[in-house]
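Here is model-v2.txt, consisting of compact mmCIF, C-alpha atoms:
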```
# COMPACT_ATOMS: atom_id res chain seq x y z
CA MET A 1 -41.23 -37.42 -31.03
CA LEU A 2 -37.81 -37.79 -32.68
CA PHE A 3 -38.13 -41.58 -32.73
CA SER A 4 -41.56 -41.44 -34.36
CA ARG A 5 -40.28 -38.95 -36.95
CA VAL A 6 -37.36 -41.22 -37.87
CA LEU A 7 -39.55 -44.33 -37.84
CA THR A 8 -41.89 -42.64 -40.31
CA ALA A 9 -39.26 -40.93 -42.45
CA VAL A 10 -36.94 -43.87 -43.18
CA PRO A 11 -39.42 -46.18 -44.96
CA LEU A 12 -40.93 -43.21 -46.78
CA MET A 13 -37.49 -42.17 -48.04
CA VAL A 14 -36.68 -45.69 -49.22
CA ALA A 15 -40.02 -45.94 -51.01
CA LEU A 16 -39.56 -42.51 -52.59
CA PHE A 17 -36.10 -43.34 -53.94
CA TRP A 18 -37.38 -46.57 -55.48
CA VAL A 19 -40.50 -45.03 -57.00
CA VAL A 20 -38.66 -42.04 -58.45
CA LEU A 21 -35.52 -43.79 -59.71
CA ALA A 22 -36.54 -47.36 -60.51
CA ALA A 23 -40.29 -47.93 -60.58
CA PRO A 24 -42.29 -48.08 -63.84
CA GLY A 25 -43.79 -44.80 -64.93
CA GLU A 26 -47.34 -45.96 -64.18
CA ILE A 27 -46.49 -46.60 -60.53
CA PHE A 28 -44.95 -43.15 -60.20
CA VAL A 29 -48.03 -41.52 -61.73
CA TRP A 30 -50.36 -43.32 -59.36
CA MET A 31 -48.14 -42.38 -56.42
CA VAL A 32 -48.34 -38.72 -57.40
CA VAL A 33 -52.11 -38.96 -57.92
CA GLY A 34 -52.57 -40.63 -54.53
CA ILE A 35 -50.40 -38.15 -52.64
CA THR A 36 -52.11 -35.25 -54.39
CA ALA A 37 -55.51 -36.63 -53.34
CA LEU A 38 -54.41 -36.89 -49.70
CA ALA A 39 -52.92 -33.39 -49.76
CA ALA A 40 -56.04 -32.01 -51.44
CA ARG A 41 -58.28 -33.47 -48.75
CA GLU A 42 -56.16 -31.79 -46.08
CA TRP A 43 -56.24 -28.51 -48.02
CA GLY A 44 -60.02 -28.80 -48.24
CA VAL A 45 -60.27 -29.24 -44.48
CA LEU A 46 -58.00 -26.24 -43.87
CA SER A 47 -60.03 -24.22 -46.39
CA GLY A 48 -63.17 -24.73 -44.35
CA LEU A 49 -64.92 -27.56 -46.18
CA GLN A 50 -66.86 -28.94 -43.23
CA PHE A 51 -68.48 -32.07 -44.60
CA ARG A 52 -66.52 -35.21 -45.40
CA ALA A 53 -68.39 -35.65 -48.66
CA SER A 54 -67.26 -32.22 -49.88
CA GLN A 55 -63.69 -32.89 -48.73
CA PHE A 56 -63.49 -36.20 -50.60
CA LEU A 57 -65.16 -34.73 -53.69
CA TYR A 58 -62.64 -31.89 -53.69
CA ALA A 59 -59.76 -34.38 -53.37
CA LEU A 60 -61.22 -36.57 -56.12
CA ILE A 61 -61.50 -33.65 -58.56
CA VAL A 62 -57.93 -32.49 -57.93
CA ALA A 63 -56.52 -36.02 -58.24
CA ALA A 64 -58.53 -36.69 -61.41
CA LEU A 65 -57.17 -33.53 -63.03
CA VAL A 66 -53.60 -34.59 -62.24
CA TRP A 67 -54.26 -38.05 -63.70
CA VAL A 68 -55.73 -36.59 -66.90
CA LEU A 69 -52.83 -34.17 -67.33
CA ALA A 70 -50.31 -36.96 -66.69
CA ALA A 71 -51.55 -38.69 -69.82
CA GLY A 72 -51.58 -35.49 -71.86
CA ARG A 73 -49.10 -33.34 -73.73
CA SER A 74 -46.07 -31.87 -72.02
CA ASP A 75 -46.63 -28.47 -73.61
CA VAL A 76 -49.98 -28.24 -71.80
CA ILE A 77 -48.24 -28.99 -68.52
CA ARG A 78 -45.69 -26.28 -69.30
CA ILE A 79 -48.49 -23.73 -69.65
CA ILE A 80 -50.10 -24.91 -66.42
CA ALA A 81 -46.74 -24.74 -64.63
CA VAL A 82 -46.23 -21.13 -65.76
CA CYS A 83 -49.72 -20.22 -64.55
CA CYS A 84 -48.95 -22.01 -61.30
CA LEU A 85 -45.75 -19.99 -60.87
CA ALA A 86 -47.76 -16.83 -61.41
CA GLY A 87 -50.06 -17.98 -58.63
CA TRP A 88 -47.16 -18.57 -56.24
CA LEU A 89 -45.74 -15.14 -57.05
CA ALA A 90 -49.16 -13.53 -56.54
CA VAL A 91 -49.43 -14.79 -52.96
CA VAL A 92 -46.01 -13.44 -51.97
CA PRO A 93 -47.23 -9.84 -51.35
CA VAL A 94 -50.17 -11.23 -49.37
CA LEU A 95 -47.83 -13.26 -47.17
CA ILE A 96 -45.45 -10.34 -46.67
CA ARG A 97 -48.21 -7.98 -45.52
CA TYR A 98 -50.41 -10.52 -43.77
CA PRO A 99 -52.84 -9.98 -42.10
CA ARG A 100 -53.31 -6.41 -43.39
CA SER A 101 -53.42 -7.24 -47.09
CA ALA A 102 -55.26 -10.57 -47.07
CA SER A 103 -57.95 -10.01 -49.67
CA ARG A 104 -61.43 -11.38 -49.21
CA TRP A 105 -61.23 -13.73 -52.17
CA LEU A 106 -58.12 -15.35 -50.77
CA THR A 107 -59.33 -15.69 -47.19
CA SER A 108 -62.78 -16.91 -48.19
CA ARG A 109 -63.62 -20.63 -48.31
CA PRO A 110 -64.03 -20.71 -52.13
CA GLY A 111 -60.87 -18.65 -52.59
CA LYS A 112 -58.75 -21.00 -50.51
CA ALA A 113 -60.22 -24.06 -52.19
CA ALA A 114 -59.68 -22.67 -55.69
CA LEU A 115 -56.12 -21.63 -54.88
CA GLY A 116 -55.31 -25.06 -53.48
CA ALA A 117 -56.80 -26.88 -56.45
CA GLY A 118 -54.77 -24.87 -58.93
CA LEU A 119 -51.50 -25.15 -57.05
CA LEU A 120 -51.83 -28.87 -56.30
CA VAL A 121 -52.81 -29.74 -59.87
CA GLY A 122 -49.86 -27.72 -61.14
CA ALA A 123 -47.49 -29.42 -58.70
CA GLY A 124 -48.68 -32.96 -59.41
CA SER A 125 -48.62 -32.62 -63.18
CA SER A 126 -45.20 -30.93 -63.02
CA LEU A 127 -43.72 -33.84 -61.05
CA VAL A 128 -45.00 -36.33 -63.63
CA ALA A 129 -43.61 -34.25 -66.50
CA LEU A 130 -40.22 -33.83 -64.83
CA ARG A 131 -39.76 -37.56 -64.30
CA GLY A 132 -40.71 -38.23 -67.91
CA GLU A 133 -39.17 -36.97 -71.11
CA MET A 134 -38.82 -33.39 -69.89
CA ALA A 135 -35.98 -34.16 -67.47
CA GLY A 136 -35.72 -37.70 -66.10
CA PRO A 137 -35.73 -39.52 -62.74
CA GLU A 138 -32.25 -38.37 -61.71
CA TRP A 139 -33.09 -34.71 -62.27
CA LEU A 140 -36.34 -35.01 -60.34
CA MET A 141 -34.47 -36.60 -57.46
CA ALA A 142 -31.98 -33.73 -57.63
CA LEU A 143 -34.88 -31.30 -57.16
CA PHE A 144 -35.99 -33.23 -54.05
CA VAL A 145 -32.43 -33.19 -52.71
CA VAL A 146 -32.22 -29.40 -53.15
CA ILE A 147 -35.37 -28.99 -51.06
CA TRP A 148 -34.08 -31.32 -48.35
CA VAL A 149 -30.70 -29.60 -48.27
CA SER A 150 -32.29 -26.14 -48.01
CA ASP A 151 -34.59 -27.33 -45.20
CA THR A 152 -31.62 -28.77 -43.33
CA GLY A 153 -29.55 -25.62 -43.69
CA ALA A 154 -32.46 -23.39 -42.68
CA TYR A 155 -33.21 -25.51 -39.61
CA PHE A 156 -29.71 -25.69 -38.16
CA VAL A 157 -28.60 -22.16 -39.07
CA GLY A 158 -31.89 -20.69 -37.90
CA ARG A 159 -31.74 -22.58 -34.64
CA ARG A 160 -28.16 -21.51 -33.92
CA PHE A 161 -28.02 -17.99 -35.32
CA GLY A 162 -31.63 -16.98 -35.94
CA ARG A 163 -32.35 -13.51 -34.58
CA HIS A 164 -34.51 -11.74 -37.15
CA LYS A 165 -37.95 -13.16 -37.87
CA LEU A 166 -38.75 -13.63 -41.54
CA LEU A 167 -42.56 -13.33 -41.48
CA PRO A 168 -43.59 -13.67 -37.83
CA ALA A 169 -47.30 -13.15 -38.55
CA VAL A 170 -47.26 -16.16 -40.86
CA SER A 171 -44.59 -18.45 -39.39
CA PRO A 172 -42.98 -17.29 -36.12
CA GLY A 173 -40.25 -19.93 -36.26
CA LYS A 174 -38.66 -18.92 -39.55
CA THR A 175 -35.79 -16.44 -39.55
CA VAL A 176 -33.85 -14.44 -42.11
CA GLU A 177 -30.68 -16.17 -40.95
CA GLY A 178 -32.31 -19.56 -41.50
CA LEU A 179 -33.29 -18.61 -45.04
CA ALA A 180 -29.75 -17.42 -45.75
CA GLY A 181 -28.35 -20.65 -44.31
CA GLY A 182 -30.61 -22.74 -46.51
CA VAL A 183 -29.61 -20.84 -49.63
CA ALA A 184 -25.92 -21.01 -48.74
CA LEU A 185 -26.00 -24.76 -48.14
CA VAL A 186 -27.80 -25.33 -51.45
CA VAL A 187 -25.22 -23.25 -53.33
CA ALA A 188 -22.42 -25.25 -51.70
CA ALA A 189 -24.19 -28.55 -52.47
CA VAL A 190 -24.70 -27.61 -56.13
CA ILE A 191 -21.04 -26.61 -56.51
CA ILE A 192 -19.87 -29.85 -54.89
CA GLY A 193 -22.28 -31.85 -57.03
CA LEU A 194 -21.03 -30.22 -60.23
CA THR A 195 -17.44 -30.91 -59.16
CA LEU A 196 -18.06 -34.60 -58.42
CA ALA A 197 -20.38 -35.23 -61.37
CA PRO A 198 -19.86 -32.59 -64.06
CA VAL A 199 -22.73 -32.12 -66.48
CA THR A 200 -22.15 -31.76 -70.20
CA HIS A 201 -24.79 -29.10 -70.69
CA GLY A 202 -25.65 -25.84 -69.04
CA HIS A 203 -23.28 -23.35 -67.50
CA PRO A 204 -22.46 -23.98 -63.80
CA VAL A 205 -23.83 -20.54 -62.94
CA PHE A 206 -27.18 -21.61 -64.38
CA TRP A 207 -27.31 -24.59 -62.03
CA VAL A 208 -26.42 -22.45 -59.02
CA TRP A 209 -29.12 -19.98 -59.99
CA ALA A 210 -31.55 -22.88 -60.49
CA GLY A 211 -30.82 -24.20 -57.01
CA ILE A 212 -31.47 -20.79 -55.49
CA MET A 213 -34.77 -20.42 -57.37
CA VAL A 214 -35.95 -23.85 -56.24
CA THR A 215 -34.99 -23.00 -52.66
CA LEU A 216 -36.79 -19.64 -52.62
CA PHE A 217 -39.98 -21.01 -54.12
CA GLY A 218 -39.82 -23.91 -51.68
CA VAL A 219 -39.82 -21.38 -48.84
CA VAL A 220 -42.86 -19.67 -50.36
CA GLY A 221 -44.64 -23.03 -50.46
CA ASP A 222 -43.80 -23.63 -46.82
CA LEU A 223 -44.98 -20.15 -45.84
CA LEU A 224 -48.24 -20.46 -47.75
CA GLU A 225 -49.11 -23.67 -45.92
CA SER A 226 -48.18 -22.01 -42.63
CA TRP A 227 -50.57 -19.18 -43.51
CA LEU A 228 -53.31 -21.67 -44.34
CA LYS A 229 -52.85 -23.46 -40.99
CA ARG A 230 -52.76 -20.15 -39.13
CA GLU A 231 -56.04 -19.14 -40.79
CA ALA A 232 -57.54 -22.47 -39.74
CA GLY A 233 -56.08 -22.27 -36.23
CA VAL A 234 -54.25 -25.62 -36.34
CA LYS A 235 -50.63 -26.72 -35.91
CA ASP A 236 -50.51 -29.50 -38.52
CA SER A 237 -52.42 -30.14 -41.72
CA GLY A 238 -53.30 -33.66 -40.54
CA ARG A 239 -52.25 -36.68 -38.49
CA LEU A 240 -51.53 -39.24 -41.17
CA LEU A 241 -47.74 -39.25 -40.68
CA PRO A 242 -46.69 -39.82 -37.04
CA GLY A 243 -44.21 -37.20 -35.92
CA HIS A 244 -44.60 -35.22 -39.14
CA GLY A 245 -48.24 -34.14 -39.21
CA GLY A 246 -50.10 -34.40 -42.50
CA VAL A 247 -49.14 -35.05 -46.09
CA LEU A 248 -49.36 -31.36 -46.91
CA ASP A 249 -46.85 -30.63 -44.16
CA ARG A 250 -44.32 -32.81 -45.98
CA ILE A 251 -44.87 -31.66 -49.57
CA ASP A 252 -45.57 -27.92 -49.22
CA SER A 253 -42.11 -26.94 -50.47
CA ILE A 254 -42.19 -29.51 -53.27
CA CYS A 255 -45.55 -28.13 -54.45
CA ALA A 256 -43.94 -24.77 -55.16
CA ALA A 257 -40.63 -26.16 -56.41
CA ALA A 258 -42.04 -28.57 -59.01
CA PRO A 259 -43.39 -25.87 -61.39
CA VAL A 260 -40.04 -24.08 -61.03
CA GLY A 261 -38.34 -27.24 -62.25
CA VAL A 262 -40.61 -27.33 -65.30
CA ALA A 263 -39.85 -23.68 -66.04
CA LEU A 264 -36.10 -24.25 -65.70
CA PHE A 265 -36.02 -27.25 -68.01
CA THR A 266 -38.26 -25.44 -70.49
CA LEU A 267 -35.83 -22.53 -70.46
CA ALA A 268 -32.95 -24.91 -71.00
CA SER A 269 -34.68 -26.68 -73.88
CA VAL A 270 -35.40 -23.38 -75.57
CA SER A 271 -31.69 -22.57 -75.35
CA GLY A 272 -30.83 -25.89 -76.96
CA GLY A 273 -29.91 -27.99 -73.92
CA HIS A 274 -30.19 -31.80 -74.02
CA TRP A 275 -30.93 -33.38 -70.69
CA GLN A 276 -30.72 -37.12 -71.13
```
Can you give me the file's structure in the form of structure tokens?
Amino acid sequence: MLFSRVLTAVPLMVALFWVVLAAPGEIFVWMVVGITALAAREWGVLSGLQFRASQFLYALIVAALVWVLAAGRSDVIRIIAVCCLAGWLAVVPVLIRYPRSASRWLTSRPGKAALGAGLLVGAGSSLVALRGEMAGPEWLMALFVVIWVSDTGAYFVGRRFGRHKLLPAVSPGKTVEGLAGGVALVVAAVIIGLTLAPVTHGHPVFWVWAGIMVTLFGVVGDLLESWLKREAGVKDSGRLLPGHGGVLDRIDSICAAAPVGVALFTLASVSGGHWQ
């Protein structure tokens, strides 16, 4: 299992670094559209879309919306990102009280499909905007690194010290200690990063706060996908990535973190920050 995970992860990481940092913008857009389509198909299956035609149509609609938004105005994407953040915040009480508070609209097939479409479109369009004029490739890669660092901290701290379950009805493996470890490692990583490569804009406290926000929303994204899989009675969202499960299993945290990135850079631009 470990060998297959590494064998899958290494080429994907190399490809991701090249596409984000060096590839032409058109290639990055098509990568985001393609990944969004794959994730949308998996979400459709988990939502209860039984026929392949309906699954592929659902994926096609979501991917097409991301492609259209990628060619549009950044202020439209900002509005969508804010709405997307509202959606992520709205599911938090449902996750906390699950299964008692799971409303019918959310647990129904149309409710799950509509939720997934909105969140995936918001995530895909946010990634495109962040790599473009809103932030830049290096800042988008920094967002990915924050998610990876938080996952690493949560895994090792949770495995060694985890005693108190975070939301056992949703994800039995996650612990409060793991969450704290992820946040702590991100804070340390941001401080070290600012020390090694000082930025000329933004107060250091802002960047620490930004790292924490990205981490927390990433956890919400992970938990929401865990809830979706638990509702569907499956362990993984798919089998496309050997050792890792499906595409959605790999990007759940990024889906929630991307709109946060848009909100943070919008906040910074309003305060007069210059990012490139």
Which residues are near stretch 219-226 of chain A? Cut-off 8 Å, only C-alpha atoms, ignore same chain within fewer than 4 positions. Put them as a list in words. Trp88, Val91, Val92, Leu95, Val170, Ser171, Thr215, Arg230, Leu248, Asp249, Asp252, Ser253, Ile254, Cys255, Ala256 and Ala257 of chain A
Identify which of the residues A:Gly116, A:His164, A:Leu65, A:Ala189 lies closest to A:Thr152, counting only C-alpha atoms when measuring atom-to-atom distances. A:Ala189
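Near A:Trp209, within 12 Å and counting all atoms listed in the file, sit Val183, Ala184, Val186, Val187, Ala188, Val190, Ile191, Gly202, His203, Pro204, Val205, Phe206, Trp207, Gly211, Ile212, Met213, Val214, Thr215, Leu216, Val260, Gly261 and Leu264 of chain A; same-chain residues fewer than 2 positions away were not included.
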One number please: atom CA of A:Thr36 to atom CA of A:Thr175, in Å, one decimal. 29.0 Å
Of the candidates A:Leu267, A:Ala232, A:Ala154, A:Val208, which one gets nearest to A:Val82 if we count all atoms listed in the file?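 Looking at the shortest contact to A:Val82, the residue is A:Leu267.
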To one decimal place, how far is atom CA of A:Ser150 from atom CA of A:Met13 in Å? 16.9 Å
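Picture a line from atom CA of A:Ala258 to atom CA of A:Leu21; it runs 16.6 Å.
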Looking at all atoms listed in the file, which of A:Cys84, A:Val19, A:Leu179, A:Ala113 is the one that sits closest to A:Leu166?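 Result for the nearest residue to A:Leu166: A:Leu179.
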Edge lengths and centre in Å, axis-aligned, stretch 110-128 of chain A plus 3 Å each side, as lines of an AutoDock Vina configuration file:
```
center_x = -53.9
center_y = -27.5
center_z = -57.1
size_x = 26.3
size_y = 23.7
size_z = 19.1
```
For stretch 37-46 of chain A, please output as JSON, numbers by chain all residues within 9 Å (counting only C-alpha atoms; exclusion window: fewer than 6 positions along the same chain). {"A": [52, 54, 55, 56, 57, 58, 59, 60, 61, 62, 63, 64, 109, 112, 113, 116, 117, 120, 225, 228, 229, 231, 232, 233, 234, 237, 238, 246, 247, 248, 249, 251]}
I need every residue sitting at most 9 Å from the point (-44.8, -40.0, -61.0) (coordinates as in the file, all atoms listed in the file considered), written as a count of residues only. 21
Shell of 12 Å around A:Ala22, all atoms listed in the file, local chain residues under 6 positions omitted, as a list in words: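 Everything that qualifies: Val14, Ala15, Leu16, Phe28, Arg131, Gly136, Pro137, Glu138 and Met141 of chain A.
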Would you please work out which residue, of A:Tyr155, A:Leu119, A:Ile35, A:Leu194, is nearest to A:Val176 when using only C-alpha atoms?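 Smallest distance to A:Val176 is found for A:Tyr155.
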Shortest interatomic distance to A:Phe17 - which of A:Trp227, A:Phe156, A:Phe144, A:Phe265, counting only C-alpha atoms: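 Checking each of A:Trp227, A:Phe156, A:Phe144, A:Phe265 against A:Phe17, counting only C-alpha atoms, the winner is A:Phe144.
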